[in-house]
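Structure file structure.cif; described as mmCIF, C-alpha atoms and all ligand atoms.
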data_model
#
loop_
_atom_site.label_atom_id
_atom_site.label_comp_id
_atom_site.auth_asym_id
_atom_site.auth_seq_id
_atom_site.Cartn_x
_atom_site.Cartn_y
_atom_site.Cartn_z
CA MET A 1 0.00 0.00 0.00
CA LYS A 2 2.79 2.44 0.93
CA LEU A 3 4.38 2.04 -2.49
CA LYS A 4 1.11 2.90 -4.19
CA ILE A 5 0.93 6.24 -2.38
CA LYS A 6 4.57 6.99 -3.24
CA GLU A 7 3.75 6.98 -6.94
CA LEU A 8 1.02 9.57 -6.28
CA TYR A 9 3.09 11.65 -3.85
CA LYS A 10 2.89 14.77 -6.03
CA TYR A 11 -0.77 15.28 -5.10
CA LEU A 12 -0.30 14.71 -1.36
CA ILE A 13 0.33 17.77 0.83
CA ASN A 14 3.42 17.90 3.01
CA TYR A 15 2.03 20.24 5.61
CA THR A 16 5.04 19.87 7.87
CA SER A 17 6.95 21.96 5.33
CA ILE A 18 7.16 25.67 6.15
CA LYS A 19 6.47 26.36 2.50
CA PHE A 20 2.97 24.89 2.79
CA SER A 21 1.31 27.85 4.53
CA ASP A 22 3.20 30.24 2.22
CA SER A 23 1.81 28.35 -0.77
CA LEU A 24 -1.74 29.37 0.26
CA LYS A 25 -1.03 33.09 0.09
CA ASN A 26 -2.55 34.97 -2.82
CA TYR A 27 -4.89 32.10 -3.68
CA ASN A 28 -8.59 31.57 -3.39
CA VAL A 29 -8.41 28.42 -1.21
CA ILE A 30 -11.24 25.89 -0.98
CA LEU A 31 -11.46 22.91 1.40
CA ASP A 32 -13.50 19.72 1.16
CA ILE A 33 -13.60 18.17 4.64
CA GLY A 34 -14.14 14.40 4.71
CA CYS A 35 -13.83 14.35 0.93
CA GLY A 36 -14.36 10.59 0.63
CA GLU A 37 -13.15 9.37 -2.75
CA GLY A 38 -12.70 12.92 -4.03
CA GLU A 39 -15.27 13.11 -6.83
CA PHE A 40 -16.80 16.40 -5.61
CA ILE A 41 -13.56 18.34 -5.15
CA SER A 42 -11.98 16.92 -8.32
CA ARG A 43 -14.86 18.21 -10.41
CA LEU A 44 -14.73 21.63 -8.75
CA ALA A 45 -10.95 21.85 -9.26
CA TYR A 46 -11.44 21.04 -12.93
CA GLN A 47 -14.13 23.72 -13.27
CA TYR A 48 -12.16 26.42 -11.45
CA PRO A 49 -8.50 26.05 -12.48
CA LYS A 50 -7.38 29.34 -10.90
CA LYS A 51 -8.54 28.38 -7.41
CA LYS A 52 -6.64 26.12 -5.04
CA PHE A 53 -8.46 23.01 -3.76
CA ILE A 54 -7.55 20.87 -0.75
CA GLY A 55 -9.34 17.63 0.11
CA ILE A 56 -9.03 16.29 3.66
CA GLU A 57 -9.76 12.64 4.35
CA ILE A 58 -8.85 10.37 7.25
CA LYS A 59 -9.12 6.99 5.50
CA TYR A 60 -6.15 5.64 3.58
CA GLY A 61 -8.12 3.64 0.99
CA ARG A 62 -10.25 6.68 0.15
CA ILE A 63 -7.30 9.05 -0.08
CA LEU A 64 -5.66 6.65 -2.51
CA LYS A 65 -8.72 6.94 -4.78
CA CYS A 66 -8.55 10.75 -4.45
CA LEU A 67 -4.89 10.78 -5.51
CA LYS A 68 -5.64 8.59 -8.51
CA LYS A 69 -8.37 11.01 -9.61
CA ALA A 70 -5.95 13.94 -9.26
CA ARG A 71 -3.38 12.09 -11.38
CA ALA A 72 -5.95 11.17 -14.03
CA LEU A 73 -7.03 14.81 -14.34
CA ASN A 74 -3.44 16.07 -14.11
CA LEU A 75 -4.52 19.20 -12.27
CA SER A 76 -2.03 21.56 -10.63
CA ASN A 77 -4.67 23.19 -8.38
CA LEU A 78 -5.77 20.06 -6.49
CA GLU A 79 -4.08 18.43 -3.50
CA PHE A 80 -5.11 16.08 -0.72
CA VAL A 81 -4.11 15.49 2.84
CA ILE A 82 -4.54 12.31 4.83
CA SER A 83 -5.33 13.50 8.34
CA ASP A 84 -7.95 14.02 10.96
CA ALA A 85 -9.61 17.25 9.80
CA THR A 86 -9.50 18.96 13.21
CA ILE A 87 -5.77 18.39 13.63
CA PHE A 88 -4.88 19.47 10.10
CA ILE A 89 -7.06 22.60 10.15
CA ASP A 90 -5.93 23.62 13.62
CA LYS A 91 -2.20 22.94 13.25
CA ALA A 92 -1.44 23.44 9.57
CA LEU A 93 -3.72 26.17 8.26
CA PRO A 94 -3.01 29.81 9.07
CA ASP A 95 -5.90 31.82 10.50
CA LYS A 96 -7.92 33.78 7.89
CA SER A 97 -6.45 31.77 5.00
CA ILE A 98 -9.50 29.93 3.56
CA ASN A 99 -12.23 31.21 1.23
CA LYS A 100 -14.73 28.34 1.15
CA ILE A 101 -15.27 25.12 3.03
CA PHE A 102 -17.45 22.21 1.91
CA ILE A 103 -18.60 19.48 4.29
CA ASN A 104 -20.73 16.99 2.42
CA ASN A 105 -22.44 14.24 4.39
CA PRO A 106 -20.27 14.11 7.49
CA ASP A 107 -20.63 10.86 9.47
CA PRO A 108 -23.81 11.44 11.56
CA TRP A 109 -23.05 9.14 14.51
CA PRO A 110 -26.81 8.72 15.22
CA LYS A 111 -26.59 6.82 18.53
CA ASP A 112 -26.62 9.01 21.67
CA LYS A 113 -23.51 7.35 23.05
CA HIS A 114 -21.62 8.22 19.82
CA HIS A 115 -22.57 11.91 19.62
CA LYS A 116 -19.19 12.77 21.12
CA ASN A 117 -17.61 11.56 17.85
CA ARG A 118 -19.45 14.10 15.70
CA LEU A 119 -17.08 16.32 13.76
CA LEU A 120 -19.30 19.40 13.63
CA ASN A 121 -19.26 20.14 17.34
CA SER A 122 -19.16 23.65 18.75
CA ASP A 123 -15.35 23.88 18.95
CA PHE A 124 -14.93 22.68 15.37
CA ILE A 125 -17.39 25.27 14.05
CA GLN A 126 -15.48 28.01 15.87
CA LEU A 127 -12.23 26.62 14.44
CA LEU A 128 -13.64 26.93 10.90
CA HIS A 129 -14.67 30.50 11.66
CA ARG A 130 -11.11 31.33 12.73
CA LYS A 131 -9.55 29.85 9.58
CA LEU A 132 -11.89 31.54 7.09
CA LYS A 133 -11.18 34.90 5.50
CA ARG A 134 -13.77 37.64 5.90
CA LYS A 135 -16.85 36.90 3.76
CA GLY A 136 -15.80 33.24 3.67
CA ASN A 137 -18.46 30.53 3.52
CA VAL A 138 -19.07 27.04 4.85
CA TYR A 139 -21.45 24.76 2.95
CA ILE A 140 -22.84 21.81 4.90
CA LYS A 141 -25.01 18.98 3.61
CA THR A 142 -26.42 16.00 5.46
CA ASP A 143 -29.24 13.48 5.09
CA ASP A 144 -29.55 13.13 8.87
CA ILE A 145 -32.16 15.50 10.33
CA ASN A 146 -30.96 15.02 13.90
CA TYR A 147 -27.38 15.81 13.00
CA PHE A 148 -28.66 18.81 11.03
CA LYS A 149 -30.48 20.12 14.12
CA TYR A 150 -27.38 19.53 16.26
CA ILE A 151 -25.25 21.52 13.78
CA LYS A 152 -27.82 24.34 13.73
CA VAL A 153 -27.61 24.71 17.52
CA ASN A 154 -23.81 24.89 17.35
CA VAL A 155 -23.96 27.42 14.53
CA ASN A 156 -26.39 29.58 16.50
CA ASN A 157 -23.86 29.65 19.34
CA SER A 158 -21.01 30.62 17.00
CA ASN A 159 -19.92 33.84 15.30
CA PHE A 160 -21.27 32.67 11.94
CA ILE A 161 -24.39 34.02 10.33
CA LYS A 162 -26.61 31.77 8.21
CA ASP A 163 -26.57 33.02 4.65
CA ASP A 164 -29.63 32.57 2.43
CA THR A 165 -28.24 34.24 -0.69
CA LYS A 166 -27.38 32.04 -3.64
CA SER A 167 -23.93 32.57 -5.12
CA TYR A 168 -22.74 31.73 -8.62
CA ILE A 169 -20.91 28.64 -7.39
CA ASP A 170 -24.09 27.17 -5.77
CA SER A 171 -25.79 26.32 -9.01
CA PHE A 172 -22.68 24.56 -10.30
CA LEU A 173 -21.99 22.35 -7.30
CA PRO A 174 -21.28 18.76 -8.30
CA SER A 175 -22.96 15.87 -6.54
CA THR A 176 -21.14 13.43 -4.25
CA LYS A 177 -21.14 9.64 -4.05
CA PHE A 178 -23.21 9.69 -0.85
CA GLN A 179 -25.65 12.26 -2.23
CA GLU A 180 -26.25 10.10 -5.29
CA PHE A 181 -27.00 7.19 -2.99
CA TYR A 182 -29.47 9.26 -0.93
CA LYS A 183 -31.17 10.55 -4.08
CA LYS A 184 -31.68 7.00 -5.35
CA ASN A 185 -33.26 6.10 -2.01
CA ASN A 186 -35.46 9.25 -2.05
CA LYS A 187 -33.86 10.58 1.13
CA PRO A 188 -34.08 14.34 1.66
CA ILE A 189 -30.86 16.33 1.93
CA TYR A 190 -30.62 19.19 4.42
CA SER A 191 -28.20 21.99 3.66
CA MET A 192 -26.84 25.08 5.32
CA LYS A 193 -24.63 27.91 4.16
CA LEU A 194 -22.67 29.94 6.71
CA LEU A 195 -21.04 33.30 6.32
CA LYS A 196 -18.19 34.86 8.25
CA LYS A 197 -19.00 38.54 8.47
C1 LIG A 201 -20.27 9.80 4.82
S1 LIG A 201 -18.70 10.05 4.12
C2 LIG A 201 -18.99 11.35 2.93
C3 LIG A 201 -17.94 11.41 1.85
C4 LIG A 201 -18.11 12.50 0.82
N1 LIG A 201 -18.00 13.82 1.39
C5 LIG A 201 -19.44 12.35 0.10
O1 LIG A 201 -20.35 13.14 0.36
O2 LIG A 201 -19.57 11.44 -0.73
C6 LIG A 201 -17.80 10.90 5.41
C7 LIG A 201 -16.32 10.97 5.14
O3 LIG A 201 -15.68 11.74 6.14
C8 LIG A 201 -14.45 11.09 6.51
N2 LIG A 201 -14.12 11.52 7.87
C9 LIG A 201 -14.77 11.20 9.01
N3 LIG A 201 -14.20 11.79 10.07
C10 LIG A 201 -13.14 12.51 9.59
C11 LIG A 201 -12.16 13.34 10.19
N4 LIG A 201 -12.15 13.53 11.51
N5 LIG A 201 -11.23 13.91 9.41
C12 LIG A 201 -11.23 13.72 8.06
N6 LIG A 201 -12.14 12.94 7.43
C13 LIG A 201 -13.08 12.35 8.18
C14 LIG A 201 -14.79 9.61 6.39
O4 LIG A 201 -13.65 8.80 6.29
C15 LIG A 201 -15.65 9.59 5.15
O5 LIG A 201 -14.91 9.42 3.97
#
Mind converting the file's structure to structure tokens?
Ligand SMILES: C[S@@+](CC[C@H](N)C(=O)[O-])C[C@H]1O[C@@H](n2cnc3c(N)ncnc32)[C@H](O)[C@@H]1O
Amino acid sequence: MKLKIKELYKYLINYTSIKFSDSLKNYNVILDIGCGEGEFISRLAYQYPKKKFIGIEIKYGRILKCLKKARALNLSNLEFVISDATIFIDKALPDKSINKIFINNPDPWPKDKHHKNRLLNSDFIQLLHRKLKRKGNVYIKTDDINYFKYIKVNVNNSNFIKDDTKSYIDSFLPSTKFQEFYKKNNKPIYSMKLLKK
């Protein structure tokens, strides 16, 4: 497995390098948190070649699929990181460095005893606020109504404002593997857009 990732190294971020945070300067930077197999962010990176896209995923098998997509498209504006999103965002990203953040179908952890594992807790939402530039947005989608309500409470306690305006990018958003699955099963999708004032 390690050898496979070596061949695709070019698309994997070395965020321990000092040059990494410098490389974000002067770019419109977009994150996909929990990017799965990378279909959503790959399509966006292809559509917007002047913007810089970073996919964050914790699972090795999925990141491997992301890297293969990046190689197939041969894009210079798309990179991935294999990491826990909280650690990477907190430790590696400078404050006020990110323009947009997508979180599509985060794991809902529906059982009460597992709620502590939910990514979109209050601290994480404040962390995203700190890393965004002014006027930056977070786009969240989930099929789980209870998780959606939980996120809403945390957003209401944060410095974000909910934004109802539609931007140009909204109408061009690609679908994701999980969204396709939910659509096929006629499951509703709940979405939220946040704005840093
Ligand atoms: C339900 S899947 C959704 C994948 C993709 N966004 C989509 O919509 O098709 C959730 C993804 O988040 C990843 N994930 C969960 N916790 C994470 C964390 N703490 N840091 C980074 N990725 C995480 C999982 O490995 C999984 O690929």
(request) Neighbourhood query: residues within 10 Å of (-22.4, 26.6, 6.9), file coordinates, counting only C-alpha atoms; return as a PyMOL selection string. (result) chain A and resi 100-103+125+128-129+136-141+151-152+155+160-163+191-196
Report as a tab-separated table the residues of chain A within 6 Å of ligand LIG 201 (chain A), each with its shortest atom pair and distance in Å (one decimal), using all atoms listed in the file, ordered by chain and increasing residue number.
residue	atom	partner	partner_atom	distance
A:Gly34	CA	A:LIG201	O3	3.4
A:Cys35	CA	A:LIG201	N1	4.2
A:Gly36	CA	A:LIG201	O5	3.6
A:Ile56	CA	A:LIG201	C12	5.6
A:Glu57	CA	A:LIG201	N6	3.9
A:Ile58	CA	A:LIG201	N6	4.2
A:Lys59	CA	A:LIG201	O4	4.9
A:Ser83	CA	A:LIG201	C12	5.9
A:Asp84	CA	A:LIG201	N5	3.6
A:Ala85	CA	A:LIG201	N5	3.7
A:Asn104	CA	A:LIG201	N1	4.3
A:Asn105	CA	A:LIG201	O1	4.7
A:Pro106	CA	A:LIG201	C6	4.6
A:Asp107	CA	A:LIG201	C1	4.8
A:Thr176	CA	A:LIG201	O2	4.3
A:Lys177	CA	A:LIG201	O2	4.1
A:Phe178	CA	A:LIG201	O2	4.0
A:Gln179	CA	A:LIG201	O1	6.0
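Closest to A:Asn154 among A:Lys51, A:Arg134, A:Arg118, A:Lys65 is A:Arg118, based on only C-alpha atoms.
Among the candidates A:Ile5, A:Leu132, A:Ile41, A:Ile33, the one nearest to A:Asn99 when counting all atoms listed in the file is A:Leu132.
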(request) May I have the protein, DNA and RNA residues with an atom at most 12 Å from (-14.1, 24.1, -13.3), counting all atoms listed in the file in the file's coordinates, returned as a ChimeraX atom specification? (result) /A:40-53,73,75,77-78,169,172-174
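Across the structure, atom CA of A:Lys116 and atom CA of A:Asn14 are spaced 29.4 Å apart.
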Just so I have it separately, write stretch 69-106 of chain A from the block I sent, keeping N, CA and C atoms, as an mmCIF file, in the first residue's frame.
data_model
loop_
_atom_site.group_PDB
_atom_site.id
_atom_site.type_symbol
_atom_site.label_atom_id
_atom_site.label_comp_id
_atom_site.auth_asym_id
_atom_site.auth_seq_id
_atom_site.Cartn_x
_atom_site.Cartn_y
_atom_site.Cartn_z
ATOM 1 N N LYS A 69 -7.533 10.081 -8.822
ATOM 2 C CA LYS A 69 -8.373 11.006 -9.608
ATOM 3 C C LYS A 69 -7.545 12.239 -9.977
ATOM 4 N N ALA A 70 -6.766 12.752 -9.001
ATOM 5 C CA ALA A 70 -5.954 13.945 -9.260
ATOM 6 C C ALA A 70 -4.948 13.647 -10.376
ATOM 7 N N ARG A 71 -4.354 12.454 -10.338
ATOM 8 C CA ARG A 71 -3.377 12.091 -11.378
ATOM 9 C C ARG A 71 -4.065 11.968 -12.742
ATOM 10 N N ALA A 72 -5.247 11.359 -12.758
ATOM 11 C CA ALA A 72 -5.955 11.172 -14.031
ATOM 12 C C ALA A 72 -6.299 12.523 -14.658
ATOM 13 N N LEU A 73 -6.650 13.489 -13.817
ATOM 14 C CA LEU A 73 -7.032 14.812 -14.339
ATOM 15 C C LEU A 73 -5.822 15.700 -14.585
ATOM 16 N N ASN A 74 -4.689 15.322 -13.978
ATOM 17 C CA ASN A 74 -3.439 16.070 -14.115
ATOM 18 C C ASN A 74 -3.622 17.554 -13.791
ATOM 19 N N LEU A 75 -4.243 17.814 -12.649
ATOM 20 C CA LEU A 75 -4.516 19.201 -12.267
ATOM 21 C C LEU A 75 -3.422 19.715 -11.341
ATOM 22 N N SER A 76 -3.064 20.995 -11.504
ATOM 23 C CA SER A 76 -2.032 21.555 -10.627
ATOM 24 C C SER A 76 -2.653 22.318 -9.452
ATOM 25 N N ASN A 77 -3.990 22.408 -9.433
ATOM 26 C CA ASN A 77 -4.669 23.186 -8.379
ATOM 27 C C ASN A 77 -5.385 22.295 -7.366
ATOM 28 N N LEU A 78 -5.068 21.001 -7.360
ATOM 29 C CA LEU A 78 -5.772 20.061 -6.487
ATOM 30 C C LEU A 78 -4.781 19.209 -5.706
ATOM 31 N N GLU A 79 -4.931 19.247 -4.362
ATOM 32 C CA GLU A 79 -4.076 18.427 -3.501
ATOM 33 C C GLU A 79 -4.916 17.826 -2.388
ATOM 34 N N PHE A 80 -4.394 16.770 -1.797
ATOM 35 C CA PHE A 80 -5.111 16.084 -0.723
ATOM 36 C C PHE A 80 -4.211 15.939 0.485
ATOM 37 N N VAL A 81 -4.869 15.766 1.628
ATOM 38 C CA VAL A 81 -4.109 15.493 2.839
ATOM 39 C C VAL A 81 -4.792 14.340 3.567
ATOM 40 N N ILE A 82 -3.973 13.389 4.028
ATOM 41 C CA ILE A 82 -4.544 12.310 4.834
ATOM 42 C C ILE A 82 -4.324 12.677 6.295
ATOM 43 N N SER A 83 -5.432 13.016 6.958
ATOM 44 C CA SER A 83 -5.328 13.500 8.342
ATOM 45 C C SER A 83 -6.717 13.564 8.964
ATOM 46 N N ASP A 84 -6.740 13.623 10.268
ATOM 47 C CA ASP A 84 -7.952 14.023 10.962
ATOM 48 C C ASP A 84 -8.159 15.512 10.653
ATOM 49 N N ALA A 85 -9.363 15.875 10.249
ATOM 50 C CA ALA A 85 -9.611 17.252 9.801
ATOM 51 C C ALA A 85 -9.324 18.281 10.901
ATOM 52 N N THR A 86 -9.702 17.972 12.138
ATOM 53 C CA THR A 86 -9.500 18.955 13.211
ATOM 54 C C THR A 86 -8.018 19.251 13.397
ATOM 55 N N ILE A 87 -7.215 18.192 13.405
ATOM 56 C CA ILE A 87 -5.773 18.389 13.625
ATOM 57 C C ILE A 87 -5.158 19.186 12.480
ATOM 58 N N PHE A 88 -5.472 18.783 11.254
ATOM 59 C CA PHE A 88 -4.880 19.474 10.097
ATOM 60 C C PHE A 88 -5.285 20.957 10.069
ATOM 61 N N ILE A 89 -6.579 21.207 10.253
ATOM 62 C CA ILE A 89 -7.062 22.596 10.149
ATOM 63 C C ILE A 89 -6.479 23.444 11.276
ATOM 64 N N ASP A 90 -6.435 22.875 12.466
ATOM 65 C CA ASP A 90 -5.930 23.621 13.625
ATOM 66 C C ASP A 90 -4.423 23.883 13.511
ATOM 67 N N LYS A 91 -3.668 22.837 13.177
ATOM 68 C CA LYS A 91 -2.203 22.940 13.254
ATOM 69 C C LYS A 91 -1.542 23.450 11.971
ATOM 70 N N ALA A 92 -2.157 23.157 10.819
ATOM 71 C CA ALA A 92 -1.437 23.438 9.570
ATOM 72 C C ALA A 92 -1.944 24.660 8.815
ATOM 73 N N LEU A 93 -3.188 25.045 9.046
ATOM 74 C CA LEU A 93 -3.718 26.171 8.264
ATOM 75 C C LEU A 93 -3.601 27.483 9.038
ATOM 76 N N PRO A 94 -3.056 28.501 8.405
ATOM 77 C CA PRO A 94 -3.011 29.806 9.072
ATOM 78 C C PRO A 94 -4.430 30.358 9.274
ATOM 79 N N ASP A 95 -4.609 31.166 10.296
ATOM 80 C CA ASP A 95 -5.905 31.823 10.495
ATOM 81 C C ASP A 95 -6.193 32.715 9.288
ATOM 82 N N LYS A 96 -7.457 32.908 8.987
ATOM 83 C CA LYS A 96 -7.916 33.778 7.888
ATOM 84 C C LYS A 96 -7.257 33.437 6.551
ATOM 85 N N SER A 97 -7.138 32.153 6.251
ATOM 86 C CA SER A 97 -6.453 31.769 5.004
ATOM 87 C C SER A 97 -7.373 31.072 3.994
ATOM 88 N N ILE A 98 -8.624 30.788 4.392
ATOM 89 C CA ILE A 98 -9.496 29.930 3.564
ATOM 90 C C ILE A 98 -10.707 30.715 3.065
ATOM 91 N N ASN A 99 -11.087 30.497 1.800
ATOM 92 C CA ASN A 99 -12.233 31.206 1.225
ATOM 93 C C ASN A 99 -13.547 30.446 1.370
ATOM 94 N N LYS A 100 -13.495 29.141 1.080
ATOM 95 C CA LYS A 100 -14.733 28.345 1.155
ATOM 96 C C LYS A 100 -14.435 26.977 1.728
ATOM 97 N N ILE A 101 -15.413 26.450 2.452
ATOM 98 C CA ILE A 101 -15.270 25.116 3.029
ATOM 99 C C ILE A 101 -16.530 24.314 2.707
ATOM 100 N N PHE A 102 -16.329 23.116 2.157
ATOM 101 C CA PHE A 102 -17.454 22.211 1.908
ATOM 102 C C PHE A 102 -17.377 21.030 2.861
ATOM 103 N N ILE A 103 -18.516 20.693 3.457
ATOM 104 C CA ILE A 103 -18.598 19.484 4.291
ATOM 105 C C ILE A 103 -19.841 18.725 3.819
ATOM 106 N N ASN A 104 -19.614 17.734 2.995
ATOM 107 C CA ASN A 104 -20.725 16.989 2.416
ATOM 108 C C ASN A 104 -20.913 15.669 3.146
ATOM 109 N N ASN A 105 -22.072 15.514 3.745
ATOM 110 C CA ASN A 105 -22.443 14.244 4.390
ATOM 111 C C ASN A 105 -21.432 13.762 5.419
ATOM 112 N N PRO A 106 -21.172 14.578 6.424
ATOM 113 C CA PRO A 106 -20.273 14.115 7.492
ATOM 114 C C PRO A 106 -20.917 12.931 8.224
#
